[in-house]
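Trainee: What follows is protein.cif, made up of mmCIF, C-alpha atoms and all ligand atoms:
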data_protein
#
loop_
_atom_site.label_atom_id
_atom_site.label_comp_id
_atom_site.auth_asym_id
_atom_site.auth_seq_id
_atom_site.Cartn_x
_atom_site.Cartn_y
_atom_site.Cartn_z
CA MET J 1 0.00 0.00 0.00
CA THR J 2 1.22 3.49 -0.80
CA ASN J 3 1.49 6.06 1.97
CA ILE J 4 1.46 9.62 0.70
CA ILE J 5 3.44 11.58 3.26
CA ASP J 6 1.65 14.71 4.46
CA GLY J 7 4.49 17.21 4.93
CA LYS J 8 2.11 19.93 6.07
CA GLN J 9 0.78 17.81 8.92
CA ILE J 10 4.29 16.95 10.13
CA ALA J 11 5.31 20.61 9.84
CA ASN J 12 2.23 21.72 11.83
CA LYS J 13 3.12 19.39 14.67
CA ILE J 14 6.66 20.79 14.81
CA LYS J 15 5.22 24.32 14.58
CA GLU J 16 3.02 23.90 17.66
CA ASN J 17 5.98 22.68 19.72
CA LEU J 18 8.13 25.53 18.46
CA LYS J 19 5.48 28.16 19.29
CA ASN J 20 5.50 26.96 22.91
CA GLU J 21 9.29 27.01 23.03
CA ILE J 22 9.51 30.50 21.50
CA ASN J 23 6.88 31.78 23.95
CA LYS J 24 9.12 30.80 26.84
CA ILE J 25 12.15 32.70 25.50
CA GLU J 26 12.42 36.10 27.16
CA GLN J 27 14.25 37.82 24.32
CA LYS J 28 12.34 38.45 21.07
CA LEU J 29 14.04 36.44 18.31
CA LYS J 30 14.71 38.09 14.96
CA LEU J 31 15.51 36.82 11.47
CA VAL J 32 17.08 39.10 8.87
CA VAL J 33 16.83 37.92 5.26
CA ILE J 34 19.18 39.41 2.68
CA GLN J 35 17.99 39.41 -0.93
CA THR J 36 19.84 40.66 -4.00
CA GLY J 37 17.90 41.32 -7.21
CA ASP J 38 14.25 40.40 -7.66
CA ASN J 39 14.03 36.68 -8.45
CA PRO J 40 10.28 35.78 -8.57
CA ALA J 41 10.75 32.35 -6.93
CA SER J 42 12.87 33.98 -4.17
CA ASN J 43 10.08 36.51 -3.56
CA ILE J 44 7.64 33.63 -2.93
CA TYR J 45 10.06 31.79 -0.61
CA ILE J 46 10.83 34.97 1.35
CA ASN J 47 7.11 35.71 1.80
CA ASN J 48 6.58 32.17 3.11
CA LYS J 49 9.39 32.67 5.62
CA LYS J 50 7.98 36.04 6.68
CA SER J 51 4.46 34.61 7.26
CA LEU J 52 5.77 31.70 9.29
CA CYS J 53 7.99 33.99 11.39
CA GLU J 54 4.94 36.12 12.18
CA GLU J 55 2.92 33.04 13.05
CA VAL J 56 5.47 31.56 15.46
CA GLY J 57 6.38 34.93 17.02
CA ILE J 58 9.76 35.74 15.45
CA ASN J 59 10.54 39.27 14.22
CA PHE J 60 11.33 39.43 10.52
CA GLU J 61 13.24 41.96 8.44
CA LEU J 62 14.04 41.88 4.74
CA LYS J 63 17.06 43.75 3.41
CA LYS J 64 16.66 43.86 -0.35
CA TYR J 65 19.34 45.24 -2.69
CA GLU J 66 18.74 45.83 -6.38
CA THR J 67 22.50 46.17 -6.89
CA ILE J 68 25.33 45.61 -4.41
CA THR J 69 28.94 44.39 -4.53
CA THR J 70 30.39 41.40 -2.67
CA GLU J 71 32.40 43.73 -0.40
CA GLU J 72 29.40 45.90 0.45
CA LEU J 73 27.30 42.84 1.22
CA ILE J 74 29.99 41.43 3.51
CA LYS J 75 30.05 44.78 5.39
CA GLU J 76 26.26 44.61 5.83
CA ILE J 77 26.57 41.06 7.19
CA GLU J 78 29.28 42.15 9.63
CA ILE J 79 26.96 44.84 10.99
CA LEU J 80 24.23 42.20 11.48
CA ASN J 81 26.75 39.82 13.09
CA ASN J 82 27.46 42.49 15.72
CA ASN J 83 23.82 43.48 16.28
CA LYS J 84 22.60 41.76 19.47
CA GLU J 85 18.95 42.14 18.37
CA VAL J 86 19.56 39.90 15.34
CA THR J 87 19.32 36.18 16.15
CA SER J 88 19.77 34.81 12.62
CA ILE J 89 20.88 35.92 9.18
CA LEU J 90 19.76 34.21 5.98
CA VAL J 91 21.19 35.04 2.58
CA GLN J 92 18.53 34.16 0.01
CA LEU J 93 20.01 32.19 -2.89
CA PRO J 94 20.60 32.64 -5.76
CA LEU J 95 22.53 35.88 -5.32
CA LEU J 96 23.09 38.27 -8.23
CA LYS J 97 25.51 36.45 -10.51
CA GLU J 98 28.35 38.97 -10.05
CA ILE J 99 28.42 38.32 -6.28
CA ASP J 100 30.80 35.75 -4.76
CA GLU J 101 28.40 33.39 -2.97
CA THR J 102 31.07 31.52 -0.97
CA LYS J 103 32.65 34.72 0.38
CA VAL J 104 29.23 36.12 1.35
CA LEU J 105 28.04 32.95 3.10
CA GLU J 106 31.35 32.62 4.94
CA ALA J 107 30.91 36.14 6.34
CA ILE J 108 27.92 35.03 8.44
CA ASN J 109 28.67 34.32 12.09
CA PRO J 110 28.13 30.50 12.28
CA LYS J 111 26.01 31.04 15.42
CA LYS J 112 23.62 33.22 13.37
CA ASP J 113 23.71 30.98 10.28
CA ALA J 114 20.05 29.84 10.15
CA ASP J 115 20.59 27.93 6.89
CA GLY J 116 23.63 26.05 8.21
CA LEU J 117 25.62 26.75 5.05
CA THR J 118 28.87 28.14 6.51
CA SER J 119 31.86 25.81 6.36
CA LYS J 120 31.99 25.86 10.18
CA ASN J 121 28.49 24.39 10.41
CA ILE J 122 28.99 21.89 7.58
CA GLY J 123 32.39 20.89 9.03
CA ASN J 124 30.94 20.48 12.51
CA LEU J 125 28.13 18.33 11.11
CA TYR J 126 30.70 16.05 9.47
CA SER J 127 32.82 15.86 12.61
CA LYS J 128 29.83 15.09 14.86
CA GLN J 129 29.96 18.39 16.72
CA GLU J 130 27.29 20.95 17.57
CA ALA J 131 26.00 22.40 14.26
CA ILE J 132 23.13 24.18 12.58
CA ILE J 133 21.79 21.67 10.03
CA PRO J 134 20.67 22.87 6.57
CA CYS J 135 16.86 23.11 6.68
CA THR J 136 15.87 20.81 3.80
CA ALA J 137 18.15 17.96 4.87
CA TYR J 138 16.93 18.40 8.46
CA GLY J 139 13.31 18.38 7.25
CA ILE J 140 13.87 15.11 5.39
CA MET J 141 15.28 13.54 8.58
CA LYS J 142 12.15 14.72 10.44
CA ILE J 143 9.98 12.95 7.85
CA PHE J 144 11.84 9.67 8.50
CA GLU J 145 11.50 10.22 12.25
CA GLU J 146 7.79 11.08 12.19
CA GLU J 147 6.91 8.25 9.78
CA LYS J 148 9.02 5.85 11.90
CA ILE J 149 11.05 4.77 8.87
CA ASN J 150 14.01 2.76 10.12
CA LEU J 151 17.18 3.70 8.21
CA GLU J 152 19.60 1.14 9.62
CA GLY J 153 21.20 -0.96 6.89
CA LYS J 154 19.04 0.64 4.18
CA ASN J 155 20.47 1.45 0.75
CA ILE J 156 19.76 5.14 0.33
CA VAL J 157 20.41 6.79 -3.02
CA ILE J 158 20.47 10.59 -3.18
CA ILE J 159 20.33 12.45 -6.50
CA GLY J 160 21.96 15.88 -6.09
CA ARG J 161 25.23 16.91 -4.44
CA THR J 162 24.57 20.42 -3.16
CA LYS J 163 25.10 21.93 0.29
CA LEU J 164 21.33 22.21 0.69
CA VAL J 165 20.48 18.53 0.37
CA GLY J 166 23.02 15.82 -0.63
CA ILE J 167 26.08 17.07 1.27
CA PRO J 168 24.44 17.44 4.74
CA LEU J 169 22.37 14.26 4.31
CA ILE J 170 25.52 12.11 4.08
CA PRO J 171 26.57 12.46 7.76
CA LEU J 172 22.94 12.53 8.97
CA LEU J 173 22.11 9.23 7.23
CA LEU J 174 25.43 7.58 8.14
CA LYS J 175 24.68 8.38 11.77
CA GLU J 176 21.53 6.27 11.39
CA ASN J 177 23.66 3.43 9.94
CA ALA J 178 22.35 3.67 6.37
CA THR J 179 24.45 2.94 3.29
CA VAL J 180 24.57 6.11 1.22
CA THR J 181 25.15 6.61 -2.51
CA ILE J 182 25.28 10.06 -4.08
CA CYS J 183 24.37 10.53 -7.76
CA HIS J 184 24.71 13.72 -9.80
CA SER J 185 24.62 15.09 -13.33
CA LYS J 186 27.72 13.12 -14.36
CA THR J 187 26.60 9.79 -12.88
CA LYS J 188 26.54 7.02 -15.48
CA ASN J 189 23.55 4.71 -15.74
CA LEU J 190 21.38 6.41 -13.14
CA LYS J 191 18.68 3.74 -13.46
CA GLU J 192 21.09 1.05 -12.26
CA LYS J 193 21.61 3.05 -9.06
CA THR J 194 18.02 4.19 -8.43
CA SER J 195 16.53 0.73 -8.96
CA GLN J 196 18.75 -0.70 -6.20
CA ALA J 197 17.64 1.82 -3.58
CA ASP J 198 15.42 1.05 -0.60
CA ILE J 199 15.02 4.81 -0.23
CA LEU J 200 15.46 7.32 -3.05
CA ILE J 201 15.93 11.04 -2.32
CA VAL J 202 15.70 13.18 -5.46
CA ALA J 203 16.93 16.79 -5.53
CA ALA J 204 17.91 17.46 -9.14
CA GLY J 205 15.40 20.10 -10.26
CA LYS J 206 14.41 18.06 -13.36
CA LYS J 207 10.72 17.35 -13.89
CA ASP J 208 9.91 13.66 -14.58
CA LEU J 209 13.53 12.58 -14.01
CA ILE J 210 12.27 9.55 -12.09
CA THR J 211 9.86 7.23 -13.89
CA LYS J 212 8.30 3.88 -12.95
CA GLU J 213 11.02 1.90 -14.73
CA MET J 214 13.74 3.48 -12.58
CA ILE J 215 12.48 2.36 -9.18
CA LYS J 216 11.93 -0.93 -7.41
CA GLN J 217 8.69 -2.23 -5.90
CA ASP J 218 7.84 -0.69 -2.49
CA GLN J 219 10.59 1.90 -2.65
CA ILE J 220 10.39 4.94 -0.37
CA ILE J 221 10.70 8.17 -2.36
CA ILE J 222 11.45 11.65 -1.05
CA ASP J 223 10.95 14.17 -3.85
CA VAL J 224 12.72 17.45 -3.12
CA GLY J 225 12.56 18.98 -6.62
CA ILE J 226 10.62 22.16 -7.37
CA ASN J 227 9.92 22.72 -11.04
CA ARG J 228 7.51 25.42 -12.19
CA GLU J 229 5.60 24.95 -15.43
CA ASN J 230 2.48 26.87 -16.54
CA ASN J 231 1.93 28.24 -13.02
CA LYS J 232 2.00 24.75 -11.53
CA VAL J 233 4.66 23.19 -9.34
CA TYR J 234 6.06 19.71 -10.01
CA GLY J 235 8.70 17.59 -8.32
CA ASP J 236 11.41 15.52 -10.00
CA VAL J 237 9.34 12.35 -9.86
CA ASP J 238 6.52 11.43 -12.23
CA PHE J 239 4.23 11.19 -9.20
CA GLU J 240 1.06 9.79 -10.80
CA GLU J 241 2.92 7.03 -12.62
CA VAL J 242 5.30 6.14 -9.81
CA LYS J 243 3.19 6.36 -6.65
CA GLU J 244 1.48 2.92 -6.90
CA LYS J 245 4.86 1.21 -6.92
CA THR J 246 6.09 2.94 -3.73
CA SER J 247 5.49 2.23 -0.06
CA TYR J 248 5.94 5.90 0.90
CA ILE J 249 6.19 8.97 -1.29
CA THR J 250 6.24 12.73 -0.70
CA PRO J 251 4.04 14.84 -3.00
CA VAL J 252 5.04 18.17 -4.54
CA PRO J 253 3.74 20.54 -3.32
CA GLY J 254 2.97 19.53 0.27
CA GLY J 255 5.86 17.15 0.96
CA VAL J 256 9.39 18.37 1.74
CA GLY J 257 8.61 22.09 1.19
CA PRO J 258 6.64 22.73 4.42
CA LEU J 259 9.34 20.91 6.41
CA THR J 260 12.08 23.14 4.98
CA VAL J 261 10.47 26.37 6.22
CA ILE J 262 9.53 25.02 9.63
CA MET J 263 13.08 23.72 10.16
CA LEU J 264 14.28 27.25 9.41
CA MET J 265 12.18 28.43 12.37
CA ASN J 266 13.66 25.61 14.44
CA ASN J 267 17.17 26.71 13.39
CA ILE J 268 16.52 30.29 14.54
CA VAL J 269 15.72 28.89 18.00
CA GLU J 270 18.89 26.76 17.76
CA CYS J 271 20.92 29.88 16.88
CA HIS J 272 19.55 31.58 20.00
CA LYS J 273 20.59 28.60 22.14
CA LEU J 274 24.10 28.54 20.65
CA GLN J 275 24.48 32.25 21.38
CA THR J 276 23.21 32.09 24.94
CA LYS J 277 25.18 28.96 25.82
CA ASN J 278 28.19 30.28 23.92
CA LEU J 279 28.55 27.03 21.98
CA LEU J 280 30.09 26.44 18.51
P1 LIG J 301 20.87 22.57 -7.84
O1 LIG J 301 19.64 22.90 -8.60
O2 LIG J 301 21.85 23.64 -7.52
O3 LIG J 301 21.69 21.39 -8.54
C1 LIG J 301 21.08 20.21 -9.00
C2 LIG J 301 21.79 18.96 -8.50
O4 LIG J 301 21.21 17.84 -9.17
C3 LIG J 301 23.27 18.93 -8.84
O5 LIG J 301 23.98 18.31 -7.79
C4 LIG J 301 23.34 18.08 -10.13
O6 LIG J 301 24.56 17.38 -10.25
C5 LIG J 301 22.17 17.15 -9.95
N1 LIG J 301 21.53 16.82 -11.23
C6 LIG J 301 20.98 17.67 -12.12
N2 LIG J 301 20.47 17.00 -13.17
C7 LIG J 301 20.70 15.70 -12.95
C8 LIG J 301 20.43 14.50 -13.69
N3 LIG J 301 19.81 14.54 -14.87
N4 LIG J 301 20.82 13.33 -13.16
C9 LIG J 301 21.43 13.26 -11.95
N5 LIG J 301 21.72 14.35 -11.22
C10 LIG J 301 21.36 15.56 -11.70
O7 LIG J 301 20.45 21.81 -6.49
P2 LIG J 301 19.61 22.29 -5.21
O8 LIG J 301 19.79 23.74 -4.98
O9 LIG J 301 19.95 21.31 -4.16
O10 LIG J 301 18.10 22.06 -5.67
C11 LIG J 301 17.67 20.86 -6.25
C12 LIG J 301 16.16 20.91 -6.44
O11 LIG J 301 15.55 20.89 -5.17
C13 LIG J 301 15.65 22.18 -7.13
O12 LIG J 301 14.50 21.84 -7.89
C14 LIG J 301 15.26 23.07 -5.99
O13 LIG J 301 14.26 24.00 -6.34
C15 LIG J 301 14.72 22.04 -5.02
N6 LIG J 301 14.74 22.42 -3.61
C16 LIG J 301 13.60 22.24 -2.93
C17 LIG J 301 13.55 22.52 -1.58
C18 LIG J 301 12.28 22.28 -0.84
O14 LIG J 301 12.12 22.79 0.24
N7 LIG J 301 11.37 21.48 -1.36
C19 LIG J 301 14.68 23.03 -0.94
C20 LIG J 301 15.86 23.18 -1.66
C21 LIG J 301 15.89 22.86 -3.01
#
Once more with this new file: its structure as structure tokens, please.
Mentor:
Amino acid sequence: MTNIIDGKQIANKIKENLKNEINKIEQKLKLVVIQTGDNPASNIYINNKKSLCEEVGINFELKKYETITTEELIKEIEILNNNKEVTSILVQLPLLKEIDETKVLEAINPKKDADGLTSKNIGNLYSKQEAIIPCTAYGIMKIFEEEKINLEGKNIVIIGRTKLVGIPLIPLLLKENATVTICHSKTKNLKEKTSQADILIVAAGKKDLITKEMIKQDQIIIDVGINRENNKVYGDVDFEEVKEKTSYITPVPGGVGPLTVIMLMNNIVECHKLQTKNLL
């Protein structure tokens, strides 16, 4: 039987717990989002973050720059790093193409790095130390936890090798004793890999990349992809064709997406804890 995973329901449960936790914190938490340019998809994501911040009781500020240089942006981040009223800083990606993304992300104080994308946080995650975990990878782990999917000894294939998904999932899944394979755009014979997986996590950004022929019976599929076509959103998996063959599958929209934003809220609380306990 196929279980369609309700990401919204899982996110709502986490949200209620977070609201209680935030209520108990004396200091008002604050997220500052930095946006460069005017990417339409980024505008939607930022609005979602703003609404959720308001709902859980976190102050929100957007700093939007039509044009800015790498050096100027780094200066702005340093000011926010030193501002005690700012709990977390999030640089909305993609940045304007002339800006050096690595330099900008590295400028964020790791204790304020709500996306967990600084090398300090990624490095700490790999060396089993205190770290802020990138939101999407963290959200996927919450799905496994909430659905009570045991990962020990499972063959898990991930498609996509970015810092948002594939890279942080490696240590998180290894910790649960899974066997992890990473595939990417240069992987040869993808079908050979995907059809061997007990669990397939797809984050390629390619509509219909995964078809029925590429998976095995009763596979668990986590579809991270977001592909917009004619005002509709699709994942990377041909959902209608594939779902009957799976034991669990996340839909798009309504699967991983809601978990990503709620884990951002969770990470803002984590940032606060790291700052007050002086950890990291
Ligand atoms: P990206 O878009 O920067 O890169 C794509 C990755 O997929 C690369 O590692 C590439 O090697 C791999 N890839 C591309 N085509 C492939 C193919 N044909 N075969 C095998 N591998 C292939 O990656 P990203 O920023 O991690 O985003 C991936 C997708 O996930 C995008 O659609 C993005 O919108 C979506 N996303 C969704 C959420 C969410 O909350 N649901 C969060 C983050 C990203």
Trainee: Residues within 9 Å of ligand LIG 301 (chain J) (all atoms listed in the file), as a ChimeraX atom specification?
Mentor: /J:93-94,135-137,139,158-166,183-188,190,202-207,209,223-228,234-236,252-261
Trainee: Smallest atom-to-atom distance to J:Ile132: which of J:Ala11, J:Ile149, J:Ile182, J:Ala114, using all atoms listed in the file?
Mentor: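 Ranking J:Ala11, J:Ile149, J:Ile182, J:Ala114 by distance to J:Ile132, first place goes to J:Ala114.
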Trainee: In Å, rounded to a single decimal, give me how far atom CA of J:Ala131 is from atom CA of J:Thr87.
Mentor: 15.4 Å
Trainee: As JSON, please: the centre and edge lengths in Å, to one decimal, of an axis-aligned box enclosing every listed atom of stretch 39-55 of chain J with 3 Å added on each side.
Mentor:
{"center_x": 8.5, "center_y": 34.2, "center_z": 2.2, "size_x": 17.1, "size_y": 11.0, "size_z": 27.6}
Trainee: Expressed in Å to a single decimal, how great is the separation between atom CA of J:Ile22 and atom CA of J:Asn267?
Mentor: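 We find that atom CA of J:Ile22 and atom CA of J:Asn267 lie 11.8 Å from each other.
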Trainee: Just to confirm, what's the straight-line distance from atom CA of J:Tyr248 to atom CA of J:Gln219 in Å (one decimal)?
Mentor: 7.1 Å
Trainee: Each residue of stretch 93-179 of chain J lying at most 9 Å from stretch 59-80 of chain J should get a row with its shortest atom-to-atom pair and the distance in Å to one decimal, counting all atoms listed in the file; could you produce that, ordered by chain and increasing number, as JSON lines?
Mentor:
{"residue": "J:Leu96", "atom": "CA", "partner": "J:Thr67", "partner_atom": "CA", "distance": 8.0}
{"residue": "J:Glu98", "atom": "CA", "partner": "J:Thr69", "partner_atom": "CA", "distance": 7.8}
{"residue": "J:Ile99", "atom": "CA", "partner": "J:Thr70", "partner_atom": "CA", "distance": 5.1}
{"residue": "J:Asp100", "atom": "CA", "partner": "J:Thr70", "partner_atom": "CA", "distance": 6.0}
{"residue": "J:Glu101", "atom": "CA", "partner": "J:Thr70", "partner_atom": "CA", "distance": 8.3}
{"residue": "J:Lys103", "atom": "CA", "partner": "J:Thr70", "partner_atom": "CA", "distance": 7.7}
{"residue": "J:Val104", "atom": "CA", "partner": "J:Ile74", "partner_atom": "CA", "distance": 5.8}
{"residue": "J:Leu105", "atom": "CA", "partner": "J:Ile74", "partner_atom": "CA", "distance": 8.7}
{"residue": "J:Ala107", "atom": "CA", "partner": "J:Ile74", "partner_atom": "CA", "distance": 6.1}
{"residue": "J:Ile108", "atom": "CA", "partner": "J:Ile77", "partner_atom": "CA", "distance": 6.3}
{"residue": "J:Asn109", "atom": "CA", "partner": "J:Glu78", "partner_atom": "CA", "distance": 8.2}
Trainee: Return the single residue from J:Glu130, J:Glu26, J:Glu55, J:Asp6 that is closest to J:Glu270, with distances computed using all atoms listed in the file.
Mentor: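 Among the listed residues, J:Glu130 lies closest to J:Glu270.
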Trainee: Would you mind telling me which residue in J:Leu200, J:Lys8, J:Ser88, J:Pro168 lies nearest to J:Asn121 when using all atoms listed in the file?
Mentor: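 Looking at the shortest contact to J:Asn121, the residue is J:Pro168.
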Trainee: Smallest atom-to-atom distance to J:Lys212: which of J:Ile140, J:Cys53, J:Val237, J:Ile14, using all atoms listed in the file?
Mentor: J:Val237
Trainee: Just the residues within 7 Å of J:Glu152, please, counting all atoms listed in the file, with nothing from its chain fewer than 5 positions along; format it as a count of residues only.
Mentor: 3
Trainee: When you count only C-alpha atoms, which of these residues is closest to J:Ser247: J:Thr118, J:Asn124, J:Thr276, J:Gln217?
Mentor: J:Gln217
Trainee: For J:Lys97, which residue among J:Asn155, J:Thr36, J:Asn231, J:Asn23 is the nearest when counting all atoms listed in the file?
Mentor: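 Closest residue, counting all atoms listed in the file: J:Thr36.
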